[in-house]
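Shown here: my_file_29.txt, compact mmCIF, C-alpha atoms.
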# COMPACT_ATOMS: atom_id res chain seq x y z
CA MET A 1 -10.86 -30.39 12.81
CA GLU A 2 -9.80 -27.58 15.09
CA LEU A 3 -6.16 -26.64 15.37
CA GLU A 4 -4.96 -26.27 18.94
CA PHE A 5 -3.25 -22.88 19.27
CA GLN A 6 -0.16 -24.28 20.94
CA ASN A 7 0.30 -27.03 18.33
CA TYR A 8 0.43 -25.02 15.11
CA PRO A 9 3.56 -25.67 13.01
CA LYS A 10 6.23 -23.06 13.67
CA PHE A 11 8.73 -21.66 11.17
CA THR A 12 12.06 -22.61 12.71
CA PRO A 13 15.49 -21.19 11.85
CA GLU A 14 16.36 -24.51 10.17
CA MET A 15 13.50 -24.02 7.69
CA LYS A 16 15.32 -21.04 6.26
CA LYS A 17 17.27 -23.43 4.04
CA THR A 18 14.54 -25.98 3.36
CA HIS A 19 11.31 -24.00 2.88
CA LYS A 20 10.11 -21.56 0.24
CA ILE A 21 8.14 -18.64 1.70
CA LEU A 22 5.15 -17.42 -0.32
CA ILE A 23 4.44 -13.67 -0.09
CA PRO A 24 0.96 -12.19 -0.73
CA ASN A 25 0.95 -9.55 -3.44
CA MET A 26 -0.29 -6.46 -1.59
CA ALA A 27 1.99 -3.72 -2.94
CA PRO A 28 3.44 -5.26 -6.13
CA VAL A 29 6.38 -2.87 -6.60
CA GLN A 30 7.48 -2.54 -2.97
CA PHE A 31 6.98 -6.24 -2.21
CA ARG A 32 9.02 -7.29 -5.22
CA ILE A 33 12.04 -5.50 -3.76
CA LEU A 34 11.15 -6.88 -0.32
CA ALA A 35 11.37 -10.40 -1.76
CA ALA A 36 14.87 -9.59 -3.01
CA ALA A 37 15.84 -8.38 0.48
CA MET A 38 14.57 -11.64 1.97
CA GLU A 39 16.56 -13.63 -0.59
CA GLN A 40 19.70 -11.71 0.32
CA ALA A 41 19.05 -12.62 3.97
CA GLY A 42 19.10 -16.30 2.98
CA TYR A 43 15.39 -17.01 2.64
CA GLN A 44 13.83 -18.71 -0.37
CA CYS A 45 10.72 -16.79 -1.32
CA GLU A 46 8.25 -16.05 -4.10
CA LEU A 47 5.87 -13.14 -4.59
CA LEU A 48 2.48 -14.55 -5.53
CA GLU A 49 0.78 -13.27 -8.66
CA ASN A 50 -2.20 -15.64 -8.86
CA CYS A 51 -5.42 -13.66 -9.10
CA GLY A 52 -8.89 -14.30 -10.43
CA SER A 53 -12.33 -15.20 -9.11
CA GLN A 54 -11.10 -18.54 -7.74
CA VAL A 55 -9.05 -16.70 -5.13
CA CYS A 56 -12.11 -15.01 -3.67
CA GLU A 57 -14.13 -18.24 -3.90
CA LEU A 58 -11.51 -20.17 -1.93
CA GLY A 59 -11.44 -17.44 0.68
CA LEU A 60 -15.21 -17.60 1.03
CA LYS A 61 -15.03 -21.38 1.34
CA TYR A 62 -12.58 -21.41 4.23
CA VAL A 63 -13.14 -18.05 5.97
CA HIS A 64 -16.37 -16.69 7.45
CA ASN A 65 -17.98 -14.23 5.04
CA ASP A 66 -18.12 -11.57 7.77
CA THR A 67 -14.33 -11.54 7.84
CA CYS A 68 -12.49 -8.51 6.50
CA TYR A 69 -12.28 -8.67 2.69
CA PRO A 70 -8.45 -8.34 2.60
CA ALA A 71 -8.11 -11.36 4.94
CA LEU A 72 -10.44 -13.33 2.72
CA LEU A 73 -8.37 -12.49 -0.38
CA VAL A 74 -4.96 -13.09 1.21
CA ILE A 75 -6.05 -16.45 2.59
CA GLY A 76 -7.72 -17.34 -0.71
CA GLN A 77 -4.55 -16.45 -2.63
CA PHE A 78 -2.45 -18.64 -0.34
CA LEU A 79 -4.84 -21.59 -0.63
CA ASP A 80 -5.05 -21.22 -4.40
CA ALA A 81 -1.25 -21.27 -4.63
CA LEU A 82 -0.92 -24.30 -2.36
CA GLY A 83 -3.49 -26.17 -4.42
CA SER A 84 -1.82 -25.36 -7.74
CA GLY A 85 0.63 -28.26 -7.59
CA LYS A 86 3.61 -25.90 -8.06
CA TYR A 87 4.96 -26.28 -4.54
CA ASP A 88 6.29 -29.02 -2.28
CA LEU A 89 3.80 -28.62 0.55
CA ASP A 90 6.17 -30.16 3.08
CA HIS A 91 8.74 -27.48 2.27
CA THR A 92 6.54 -24.41 1.84
CA ALA A 93 5.77 -21.62 4.30
CA LEU A 94 3.59 -18.51 4.19
CA ILE A 95 4.31 -15.00 5.47
CA ILE A 96 1.75 -12.49 6.66
CA THR A 97 1.98 -9.12 8.42
CA GLN A 98 0.42 -8.32 11.78
CA THR A 99 -0.15 -4.74 12.88
CA GLY A 100 -0.91 -5.57 16.49
CA GLY A 101 -3.68 -2.98 16.73
CA GLY A 102 -7.42 -3.21 17.28
CA CYS A 103 -8.08 -3.76 13.58
CA ARG A 104 -9.29 -7.17 12.41
CA ALA A 105 -5.98 -7.46 10.54
CA SER A 106 -4.29 -8.62 13.75
CA ASN A 107 -6.38 -11.80 13.60
CA TYR A 108 -5.50 -12.73 10.02
CA ILE A 109 -2.75 -15.14 11.06
CA HIS A 110 -5.08 -17.18 13.27
CA LEU A 111 -7.77 -17.27 10.57
CA LEU A 112 -5.14 -18.40 8.08
CA ARG A 113 -3.93 -21.22 10.31
CA LYS A 114 -7.49 -22.49 10.81
CA ALA A 115 -8.13 -22.31 7.05
CA LEU A 116 -4.93 -24.28 6.32
CA VAL A 117 -6.05 -27.10 8.57
CA LYS A 118 -9.56 -27.18 7.08
CA ALA A 119 -8.11 -27.24 3.54
CA GLY A 120 -5.70 -30.09 4.37
CA TYR A 121 -2.49 -28.04 4.57
CA GLY A 122 -2.01 -28.17 8.32
CA GLN A 123 1.71 -28.88 7.96
CA VAL A 124 2.39 -25.50 6.32
CA PRO A 125 3.93 -23.01 8.81
CA VAL A 126 3.02 -19.32 8.82
CA VAL A 127 5.65 -16.64 9.41
CA SER A 128 4.53 -13.51 11.26
CA LEU A 129 6.10 -10.27 10.01
CA ASN A 130 5.45 -7.82 12.81
CA PHE A 131 7.27 -5.14 14.78
CA SER A 132 5.49 -5.56 18.11
CA GLY A 133 6.77 -8.94 19.25
CA LEU A 134 3.45 -10.70 18.72
CA GLU A 135 5.14 -14.01 17.86
CA LYS A 136 8.66 -14.28 19.19
CA ASP A 137 9.09 -17.89 18.03
CA SER A 138 8.40 -17.28 14.35
CA GLY A 139 11.96 -18.03 13.22
CA PHE A 140 11.98 -14.70 11.36
CA PRO A 141 13.98 -12.32 13.57
CA MET A 142 13.78 -8.59 12.96
CA THR A 143 17.44 -7.55 12.99
CA VAL A 144 18.56 -3.92 12.74
CA PRO A 145 20.33 -4.41 9.35
CA PHE A 146 17.21 -6.06 7.91
CA LEU A 147 15.01 -3.24 9.20
CA ARG A 148 17.31 -0.68 7.57
CA LYS A 149 17.07 -2.59 4.29
CA LEU A 150 13.31 -2.72 4.67
CA LEU A 151 13.11 1.06 4.95
CA ALA A 152 15.25 1.52 1.81
CA VAL A 153 13.14 -1.07 -0.02
CA ILE A 154 9.91 0.78 0.75
CA TYR A 155 11.31 4.15 -0.26
CA TYR A 156 12.66 2.80 -3.54
CA GLY A 157 9.25 1.27 -4.24
CA ASP A 158 7.37 4.46 -3.31
CA LEU A 159 9.66 6.49 -5.58
CA LEU A 160 9.15 4.16 -8.55
CA VAL A 161 5.38 4.17 -8.08
CA ALA A 162 5.24 7.98 -7.88
CA LEU A 163 7.49 8.51 -10.91
CA LYS A 164 5.58 6.09 -13.12
CA ALA A 165 2.19 7.46 -12.03
CA GLN A 166 3.17 11.05 -12.87
CA THR A 167 4.90 10.19 -16.16
CA GLU A 168 2.77 7.49 -17.78
CA PRO A 169 -0.40 9.56 -18.46
CA TYR A 170 1.65 12.11 -20.45
CA GLU A 171 4.22 9.91 -22.21
CA ILE A 172 4.49 10.30 -25.98
CA GLU A 173 5.70 6.75 -26.50
CA LYS A 174 3.25 4.40 -24.80
CA GLY A 175 4.90 1.97 -22.42
CA ALA A 176 8.02 4.06 -21.84
CA ALA A 177 7.30 4.75 -18.15
CA ALA A 178 6.39 1.12 -17.45
CA ALA A 179 9.59 -0.04 -19.16
CA CYS A 180 11.64 2.44 -17.12
CA GLN A 181 10.05 1.23 -13.90
CA GLU A 182 10.73 -2.40 -14.85
CA LYS A 183 14.36 -1.60 -15.65
CA TRP A 184 14.92 0.06 -12.30
CA LEU A 185 13.05 -2.67 -10.44
CA ASP A 186 15.42 -5.24 -11.91
CA THR A 187 18.41 -3.03 -11.09
CA ILE A 188 17.37 -2.34 -7.50
CA CYS A 189 16.50 -5.99 -6.85
CA GLY A 190 19.93 -6.90 -8.20
CA TRP A 191 21.58 -4.42 -5.83
CA VAL A 192 19.65 -5.72 -2.85
CA ARG A 193 20.47 -9.37 -3.59
CA GLU A 194 24.14 -8.37 -3.60
CA ASP A 195 23.69 -6.52 -0.30
CA LYS A 196 24.12 -3.15 -1.99
CA GLY A 197 22.06 -0.03 -2.53
CA TRP A 198 20.39 0.21 0.86
CA SER A 199 22.78 2.36 2.88
CA GLY A 200 22.00 6.05 3.31
CA ARG A 201 24.87 7.05 1.06
CA GLU A 202 23.83 4.62 -1.68
CA VAL A 203 20.20 5.71 -1.53
CA LYS A 204 21.23 9.37 -1.86
CA THR A 205 23.26 8.47 -4.95
CA ALA A 206 20.70 6.18 -6.59
CA MET A 207 17.46 8.15 -6.18
CA PRO A 208 18.53 11.17 -8.29
CA GLN A 209 19.61 8.81 -11.08
CA ILE A 210 16.25 7.04 -11.03
CA ALA A 211 14.24 10.28 -11.07
CA ALA A 212 16.40 11.78 -13.84
CA ASP A 213 15.82 8.68 -15.98
CA PHE A 214 12.04 9.09 -15.71
CA ALA A 215 12.30 12.84 -16.29
CA ALA A 216 14.11 12.16 -19.57
CA ILE A 217 11.07 10.33 -21.00
CA PRO A 218 9.44 12.55 -23.67
CA VAL A 219 6.04 13.74 -22.45
CA ARG A 220 3.27 16.11 -23.45
CA ARG A 221 1.87 17.76 -20.35
CA VAL A 222 -1.80 18.46 -21.02
CA PRO A 223 -4.52 19.06 -18.41
CA LYS A 224 -5.89 15.80 -17.04
CA VAL A 225 -8.17 14.80 -14.20
CA LYS A 226 -6.03 14.06 -11.15
CA VAL A 227 -7.26 11.33 -8.84
CA GLY A 228 -5.98 10.40 -5.38
CA VAL A 229 -6.52 6.93 -3.94
CA VAL A 230 -6.71 6.35 -0.18
CA GLY A 231 -8.24 3.70 2.03
CA GLU A 232 -7.57 0.45 3.85
CA ILE A 233 -3.96 -0.51 3.21
CA TYR A 234 -4.55 -3.78 1.32
CA VAL A 235 -7.47 -2.61 -0.81
CA LYS A 236 -5.64 0.65 -1.48
CA TYR A 237 -2.55 -1.00 -2.98
CA SER A 238 -3.49 -4.49 -4.14
CA PRO A 239 -4.78 -4.91 -7.72
CA LEU A 240 -6.49 -8.06 -6.48
CA GLY A 241 -8.21 -6.14 -3.69
CA ASN A 242 -9.34 -3.12 -5.75
CA ASN A 243 -10.11 -4.81 -9.08
CA ASP A 244 -7.13 -3.23 -10.86
CA LEU A 245 -8.22 0.27 -9.90
CA GLU A 246 -5.09 1.97 -11.23
CA LYS A 247 -5.46 0.32 -14.63
CA PHE A 248 -9.12 1.31 -14.78
CA LEU A 249 -8.28 4.94 -13.97
CA ALA A 250 -5.62 4.84 -16.70
CA THR A 251 -8.31 3.85 -19.22
CA GLN A 252 -10.24 6.93 -18.07
CA ASP A 253 -7.26 9.18 -18.96
CA CYS A 254 -6.48 10.15 -15.36
CA GLU A 255 -3.31 10.84 -13.43
CA VAL A 256 -3.34 8.80 -10.22
CA ASN A 257 -1.68 9.66 -6.92
CA LEU A 258 -1.27 6.69 -4.59
CA PRO A 259 0.30 7.88 -1.31
CA GLY A 260 3.42 5.91 -0.46
CA LEU A 261 3.58 2.84 1.74
CA MET A 262 6.21 4.52 3.92
CA GLY A 263 3.54 6.90 5.20
CA PHE A 264 1.81 3.96 6.88
CA VAL A 265 5.11 2.78 8.38
CA GLN A 266 5.77 6.27 9.79
CA TYR A 267 2.19 6.41 11.08
CA CYS A 268 2.67 3.14 12.98
CA ILE A 269 5.97 4.37 14.46
CA TYR A 270 4.49 7.75 15.40
CA ASN A 271 1.64 6.01 17.22
CA LEU A 272 4.11 4.22 19.54
CA SER A 273 4.88 7.46 21.34
CA ASP A 274 1.56 9.15 20.72
CA ASN A 275 -0.14 6.44 22.78
CA ALA A 276 2.14 7.27 25.70
CA ARG A 277 1.64 11.01 25.27
CA LEU A 278 -2.14 10.71 25.15
CA TYR A 279 -2.76 7.94 27.65
CA GLY A 280 0.32 8.01 29.88
CA GLY A 281 3.74 6.41 29.72
CA THR A 282 7.41 6.74 30.52
CA PHE A 283 9.73 9.38 29.08
CA VAL A 284 11.32 6.77 26.82
CA GLU A 285 7.94 5.58 25.55
CA LYS A 286 6.90 9.17 24.84
CA HIS A 287 9.98 9.85 22.71
CA VAL A 288 11.03 6.52 21.22
CA SER A 289 9.27 7.18 17.92
CA ASP A 290 11.00 10.56 17.58
CA VAL A 291 14.35 8.78 17.24
CA LEU A 292 13.05 6.28 14.69
CA LEU A 293 11.24 8.93 12.65
CA ALA A 294 14.36 11.12 12.62
CA PHE A 295 16.30 8.23 11.10
CA ILE A 296 13.64 7.67 8.43
CA GLU A 297 13.48 11.40 7.73
CA SER A 298 16.96 11.36 6.17
CA MET A 299 15.73 9.13 3.33
CA GLU A 300 12.40 10.95 3.16
CA LYS A 301 14.22 14.23 2.46
CA VAL A 302 16.15 12.62 -0.39
CA MET A 303 13.02 11.29 -2.08
CA ILE A 304 11.14 14.58 -1.72
CA ALA A 305 14.11 16.54 -3.08
CA VAL A 306 14.67 14.35 -6.15
CA LEU A 307 10.98 14.48 -7.05
CA LYS A 308 10.88 18.27 -6.81
CA ASP A 309 14.22 18.71 -8.60
CA ASN A 310 12.92 16.74 -11.58
CA GLY A 311 9.60 18.54 -11.86
CA TYR A 312 7.38 15.98 -10.10
CA HIS A 313 4.89 16.44 -7.28
CA ALA A 314 6.40 15.35 -3.96
CA PRO A 315 4.45 14.32 -0.86
CA LEU A 316 4.57 16.38 2.30
CA PRO A 317 7.14 15.42 4.93
CA PHE A 318 5.51 13.23 7.56
CA LYS A 319 5.88 15.97 10.19
CA GLU A 320 3.80 18.29 8.00
CA LEU A 321 1.26 15.55 7.33
CA VAL A 322 0.65 15.17 11.07
CA LYS A 323 -0.08 18.90 11.31
CA LEU A 324 -2.94 18.55 8.81
CA THR A 325 -4.93 16.74 11.50
CA ASP A 326 -5.22 19.96 13.56
CA GLY A 327 -8.90 20.90 13.73
CA LEU A 328 -9.76 17.92 11.57
CA ILE A 329 -9.25 14.65 13.47
CA SER A 330 -7.49 13.55 16.64
CA THR A 331 -4.24 11.60 16.37
CA GLY A 332 -5.74 9.42 19.09
CA ASP A 333 -7.88 7.90 16.35
CA LYS A 334 -5.49 5.14 15.30
CA MET A 335 -7.45 1.96 14.59
CA GLY A 336 -6.59 0.64 11.14
CA GLU A 337 -5.39 3.56 9.00
CA GLY A 338 -6.94 5.96 11.54
CA TRP A 339 -6.06 9.63 11.31
CA LEU A 340 -3.57 8.93 8.51
CA LEU A 341 -6.42 8.22 6.10
CA THR A 342 -8.04 11.59 6.78
CA ALA A 343 -4.71 13.44 6.67
CA GLU A 344 -3.83 11.85 3.32
CA MET A 345 -7.12 13.07 1.86
CA ALA A 346 -6.40 16.59 3.10
CA GLU A 347 -2.90 16.46 1.62
CA LEU A 348 -4.16 15.24 -1.75
CA ILE A 349 -6.81 17.95 -1.96
CA ARG A 350 -4.29 20.67 -1.13
CA ALA A 351 -1.92 19.30 -3.78
CA GLY A 352 -4.52 19.43 -6.58
CA TYR A 353 -5.70 15.82 -6.38
CA GLU A 354 -9.09 16.84 -5.09
CA ASN A 355 -10.85 13.94 -6.82
CA ILE A 356 -10.44 11.12 -4.32
CA ILE A 357 -11.45 7.48 -4.22
CA CYS A 358 -11.65 6.08 -0.70
CA ALA A 359 -11.27 2.33 -1.20
CA GLN A 360 -12.49 0.34 1.77
CA PRO A 361 -13.61 -3.18 2.64
CA PHE A 362 -17.32 -3.33 3.31
CA GLY A 363 -17.94 -3.13 7.05
CA CYS A 364 -14.44 -1.83 7.88
CA LEU A 365 -15.25 0.36 10.88
CA PRO A 366 -11.99 2.40 10.93
CA ASN A 367 -12.41 3.31 7.27
CA HIS A 368 -16.08 4.17 7.62
CA ILE A 369 -15.18 6.56 10.44
CA CYS A 370 -11.91 8.05 9.16
CA GLY A 371 -12.82 7.87 5.48
CA LYS A 372 -16.52 8.09 4.72
CA GLY A 373 -17.27 9.71 8.07
CA MET A 374 -14.85 12.60 7.42
CA ILE A 375 -16.05 13.54 3.93
CA ASN A 376 -18.43 16.29 5.07
CA LYS A 377 -15.79 17.86 7.30
CA LEU A 378 -13.24 17.78 4.47
CA ARG A 379 -15.73 19.38 2.07
CA GLU A 380 -16.39 22.07 4.67
CA LEU A 381 -12.66 22.88 4.83
CA TYR A 382 -11.96 22.24 1.13
CA PRO A 383 -15.05 23.01 -1.02
CA GLN A 384 -13.28 21.69 -4.13
CA ALA A 385 -13.12 18.16 -2.67
CA ASN A 386 -14.77 15.53 -4.88
CA ILE A 387 -14.63 12.34 -2.79
CA THR A 388 -16.38 9.04 -3.38
CA PRO A 389 -16.10 6.01 -1.06
CA ILE A 390 -16.05 2.65 -2.84
CA ASP A 391 -16.79 -0.57 -0.95
CA TYR A 392 -14.95 -3.74 -1.95
CA ASP A 393 -16.52 -7.03 -0.95
CA PRO A 394 -17.22 -10.47 -2.48
CA SER A 395 -20.80 -9.38 -3.19
CA ALA A 396 -19.83 -6.04 -4.76
CA THR A 397 -19.75 -6.11 -8.56
CA ARG A 398 -16.92 -4.56 -10.50
CA VAL A 399 -19.27 -2.79 -12.90
CA ASN A 400 -21.10 -1.13 -10.01
CA GLN A 401 -17.82 0.08 -8.52
CA GLU A 402 -16.60 1.44 -11.85
CA ASN A 403 -19.91 3.16 -12.55
CA ARG A 404 -19.68 5.03 -9.25
CA ILE A 405 -16.14 6.07 -10.10
CA LYS A 406 -17.28 7.24 -13.55
CA LEU A 407 -19.87 9.49 -11.94
CA MET A 408 -17.17 11.05 -9.78
CA LEU A 409 -14.94 11.49 -12.84
CA ALA A 410 -17.76 13.14 -14.77
CA VAL A 411 -17.93 15.86 -12.10
CA ALA A 412 -14.12 16.10 -12.14
CA ARG A 413 -14.04 16.64 -15.93
CA GLU A 414 -16.70 19.34 -15.74
CA ARG A 415 -14.69 21.22 -13.12
CA LEU A 416 -11.47 20.82 -15.09
CA ALA A 417 -13.14 22.20 -18.22
CA GLU A 418 -14.49 25.16 -16.24
CA ARG A 419 -11.05 25.96 -14.86
CA GLN A 420 -9.53 25.76 -18.34
CA GLN A 421 -12.10 28.18 -19.70
CA GLU A 422 -11.55 30.57 -16.80
CA ASP A 423 -7.81 30.46 -17.46
CA GLY A 424 -8.40 31.13 -21.15
CA GLY A 425 -6.91 27.81 -22.13
CA GLU A 426 -8.16 24.90 -24.15
CA ALA A 427 -10.76 22.84 -22.34
CA ALA A 428 -9.86 19.25 -21.59
CA PRO A 429 -11.37 16.82 -24.10
CA ALA A 430 -14.65 15.38 -22.93
CA LYS A 431 -14.68 11.71 -22.01
CA ASP A 432 -17.66 9.47 -22.61
CA ALA A 433 -19.35 9.22 -19.24
CA VAL A 434 -22.12 6.83 -20.31
CA LEU A 435 -22.50 4.09 -17.72
CA VAL A 436 -22.35 0.46 -18.78
Take the structure in the file and give it back as structure tokens.
Amino acid sequence: MELEFQNYPKFTPEMKKTHKILIPNMAPVQFRILAAAMEQAGYQCELLENCGSQVCELGLKYVHNDTCYPALLVIGQFLDALGSGKYDLDHTALIITQTGGGCRASNYIHLLRKALVKAGYGQVPVVSLNFSGLEKDSGFPMTVPFLRKLLAVIYYGDLLVALKAQTEPYEIEKGAAAACQEKWLDTICGWVREDKGWSGREVKTAMPQIAADFAAIPVRRVPKVKVGVVGEIYVKYSPLGNNDLEKFLATQDCEVNLPGLMGFVQYCIYNLSDNARLYGGTFVEKHVSDVLLAFIESMEKVMIAVLKDNGYHAPLPFKELVKLTDGLISTGDKMGEGWLLTAEMAELIRAGYENIICAQPFGCLPNHICGKGMINKLRELYPQANITPIDYDPSATRVNQENRIKLMLAVARERLAERQQEDGGEAAPAKDAVLV
């Protein structure tokens, strides 16, 4: 049965009180605080945590297998949740983001609606979370206060992810960094539900306290292989999409750098005016993103400062990140993650995270161009770069992916040992690189 476009169920303002909104688990830390922000705004919501092979199987059953892997997983996760018996299907809604660009991600919502009908859940409305007015009747208005909270939510999440990633590999008491992150997640979510903690003044007060708490965790800083992770936004962040990549790298005794989600938000805002500058537009169109980015920059400065003040690596300001594209890739390349993906790799290499995993859905054209396609150019500019692209797809086996990563890590350990010997220090302990 085909669903007529104009007849799909819409999420109305009245459903705010009657429906629970299910949220796909893309960025677990950031989205957990996002759920709290939605609850404060009066929505009932739940961040999904159902994973496993059945999610992918359901996606394959109701979505064409040529569809982007993230769409397949998100739709499969929704269908698995709806079929679990946990929810009143007449009072349940789903939320999904739309970028509005040329990427296949802009079609996810239509694929999801078709899959819901085929699976027998045609009454379930889908909420579109977008910033380009793609669906003005979604019943989920983007107000200025909510957008401000959203920015604070993402920065809090990015800060917690960075602090845990740079503390956990060196902690003396195992689990201390994870416990600290959990404590602050509960605290921040509590603030947000009470409509606190998101103003500029509150963020400037809270972030130094959070960073100082992590910095107080006893650690032993020994040389370790540092790995950066870039790629398509869902596969990059979602444990479901990348087969728990961060946990696997932790078992390999690595420090992981996962660039923050706010970088993608800034990239999308920057592109608003860059389109007008490159292809023609009004004065307002050419400079609208400058105003928005200047507002975000105030919180960006706070996060960068507290990381540096507490001895952690801090990302480059977005303005500096854009400059890394000079002589490397055009900012006109903006499909999917576009030039941001290449710039993030350059930033990671310059910061000492020269061992990079480029996680991408199989057949994702933007990633194959801006990720895999830029490797030779990056190696030309940065000879120390050790980059491996990893495809994620229903047909790709986890053991094959991990074996490719182990080969990259074997090279990384050899280089680390050589640097230690050159510096007259103790070489890093060798790690078993035998493939399984």
Any idea what's packed within 9 Å of Pro24 of chain A, counting all atoms listed in the file, ignoring anything in its chain fewer than 6 positions away? Could you give it as a PDB file with C-alpha atoms, keeping the file's coordinate frame?
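Result file result.pdb:
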ATOM      1  CA  PHE A  31       6.980  -6.240  -2.210  1.00  0.00           C
ATOM      2  CA  GLU A  46       8.250 -16.050  -4.100  1.00  0.00           C
ATOM      3  CA  LEU A  47       5.870 -13.140  -4.590  1.00  0.00           C
ATOM      4  CA  LEU A  48       2.480 -14.550  -5.530  1.00  0.00           C
ATOM      5  CA  GLU A  49       0.780 -13.270  -8.660  1.00  0.00           C
ATOM      6  CA  VAL A  74      -4.960 -13.090   1.210  1.00  0.00           C
ATOM      7  CA  ILE A  75      -6.050 -16.450   2.590  1.00  0.00           C
ATOM      8  CA  GLN A  77      -4.550 -16.450  -2.630  1.00  0.00           C
ATOM      9  CA  PHE A  78      -2.450 -18.640  -0.340  1.00  0.00           C
ATOM     10  CA  LEU A  94       3.590 -18.510   4.190  1.00  0.00           C
ATOM     11  CA  ILE A  95       4.310 -15.000   5.470  1.00  0.00           C
ATOM     12  CA  ILE A  96       1.750 -12.490   6.660  1.00  0.00           C
TER      13      ILE A  96
END
With segment 351-356 of chain A as the partner and 8 Å as the cut-off, tabulate the residues of segment 129-238 of chain A that qualify, each row holding the nearest pair of atoms and their distance in Å to one decimal, using only C-alpha atoms, sorted by chain and rising number, as a Markdown table.
| residue | atom | partner | partner_atom | distance |
| --- | --- | --- | --- | --- |
| A:Val225 | CA | A:Asn355 | CA | 7.9 |
| A:Lys226 | CA | A:Tyr353 | CA | 5.1 |
| A:Val227 | CA | A:Asn355 | CA | 4.9 |
| A:Gly228 | CA | A:Ile356 | CA | 4.6 |
| A:Val229 | CA | A:Ile356 | CA | 5.8 |
| A:Val230 | CA | A:Ile356 | CA | 7.3 |
Which is closest to Val55 of chain A among A:Asp158, A:Glu232, A:Glu194, A:Asp80, if we use only C-alpha atoms?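 Comparing A:Asp158, A:Glu232, A:Glu194, A:Asp80 against Val55 of chain A, the winner is A:Asp80.
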Set the distance at 10 Å and use only C-alpha atoms: which residues neighbour Pro145 of chain A once local chain neighbours fewer than 2 positions away are removed? I'd like the list as JSON, numbers by chain. {"A": [41, 142, 143, 147, 148, 149, 150, 198, 199]}
Give as a list in words each residue that has an atom at most 10 Å from (-12.6, -18.0, -3.8) in the file, counting only C-alpha atoms.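 Neighbouring residues, ordered by chain and number, come to Cys51, Gly52, Ser53, Gln54, Val55, Cys56, Glu57, Leu58, Gly59, Leu60, Lys61, Tyr62, Val63, Leu72, Leu73, Ile75, Gly76, Gln77, Leu79, Asp80 and Pro394 of chain A.
Rounded to one decimal, atom CA of Tyr170 of chain A and atom CA of Val306 of chain A lie 19.5 Å from each other.
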Pick from A:Leu185, A:Ala276, A:Val144, A:Ala119 nearest to Arg32 of chain A, counting only C-alpha atoms: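 Among the listed residues, the smallest separation from Arg32 of chain A belongs to A:Leu185.
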Closest of A:Ala81, A:Ala211, A:Ala294, A:Leu416 to His313 of chain A - atom-to-atom distances counting only C-alpha atoms: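 Checking each candidate against His313 of chain A, we get A:Ala211 as the closest.
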Contact residues around Leu111 of chain A with only C-alpha atoms at 10 Å, ignoring same-chain residues under 3 positions, as number ranges by chain: A: 62-64, 67, 71-72, 75, 105-108, 114-116
Atomic distance atom CA of Met207 of chain A - atom CA of Lys319 of chain A, expressed in Å with one decimal: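 It comes out at 21.5 Å.
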Atom CA of Asp186 of chain A and atom CA of Ala216 of chain A, how far apart in Å? 19.1 Å
With a distance cut-off of 9 Å and all atoms listed in the file, select the neighbouring residues of Ala314 of chain A, excluding the residue or stretch itself and same-chain residues fewer than 3 positions from it, and output the selection as a ChimeraX atom specification. /A:162,303-308,317
Point out the residue among A:Phe318, A:Met374, A:Lys286, A:Asn7 with the least atom-to-atom distance to Val117 of chain A, counting all atoms listed in the file.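 Closest candidate: A:Asn7.
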Given only C-alpha atoms as the basis, pick out the residue of A:Leu316, A:Ala417, A:Leu381, A:Ile390 nearest to Pro223 of chain A. A:Ala417
Got a sec: who's within 12 Å of Glu168 of chain A, counting all atoms listed in the file, leaving out chain neighbours fewer than 4 positions off, as a PyMOL selection string? chain A and resi 160-164+172-181+214-215+217-221+246-247+249-251+253-257
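Taking only C-alpha atoms into account, Trp191 of chain A lies nearest to A:Glu39 out of the set A:Asp88, A:Asp309, A:Glu39, A:Glu320.
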Around (20.5, 2.6, -4.6), as given in the file, which residues come within 10 Å? Count only C-alpha atoms and list them as number ranges by chain. A: 152-153, 156, 184, 187-189, 191-192, 196-210
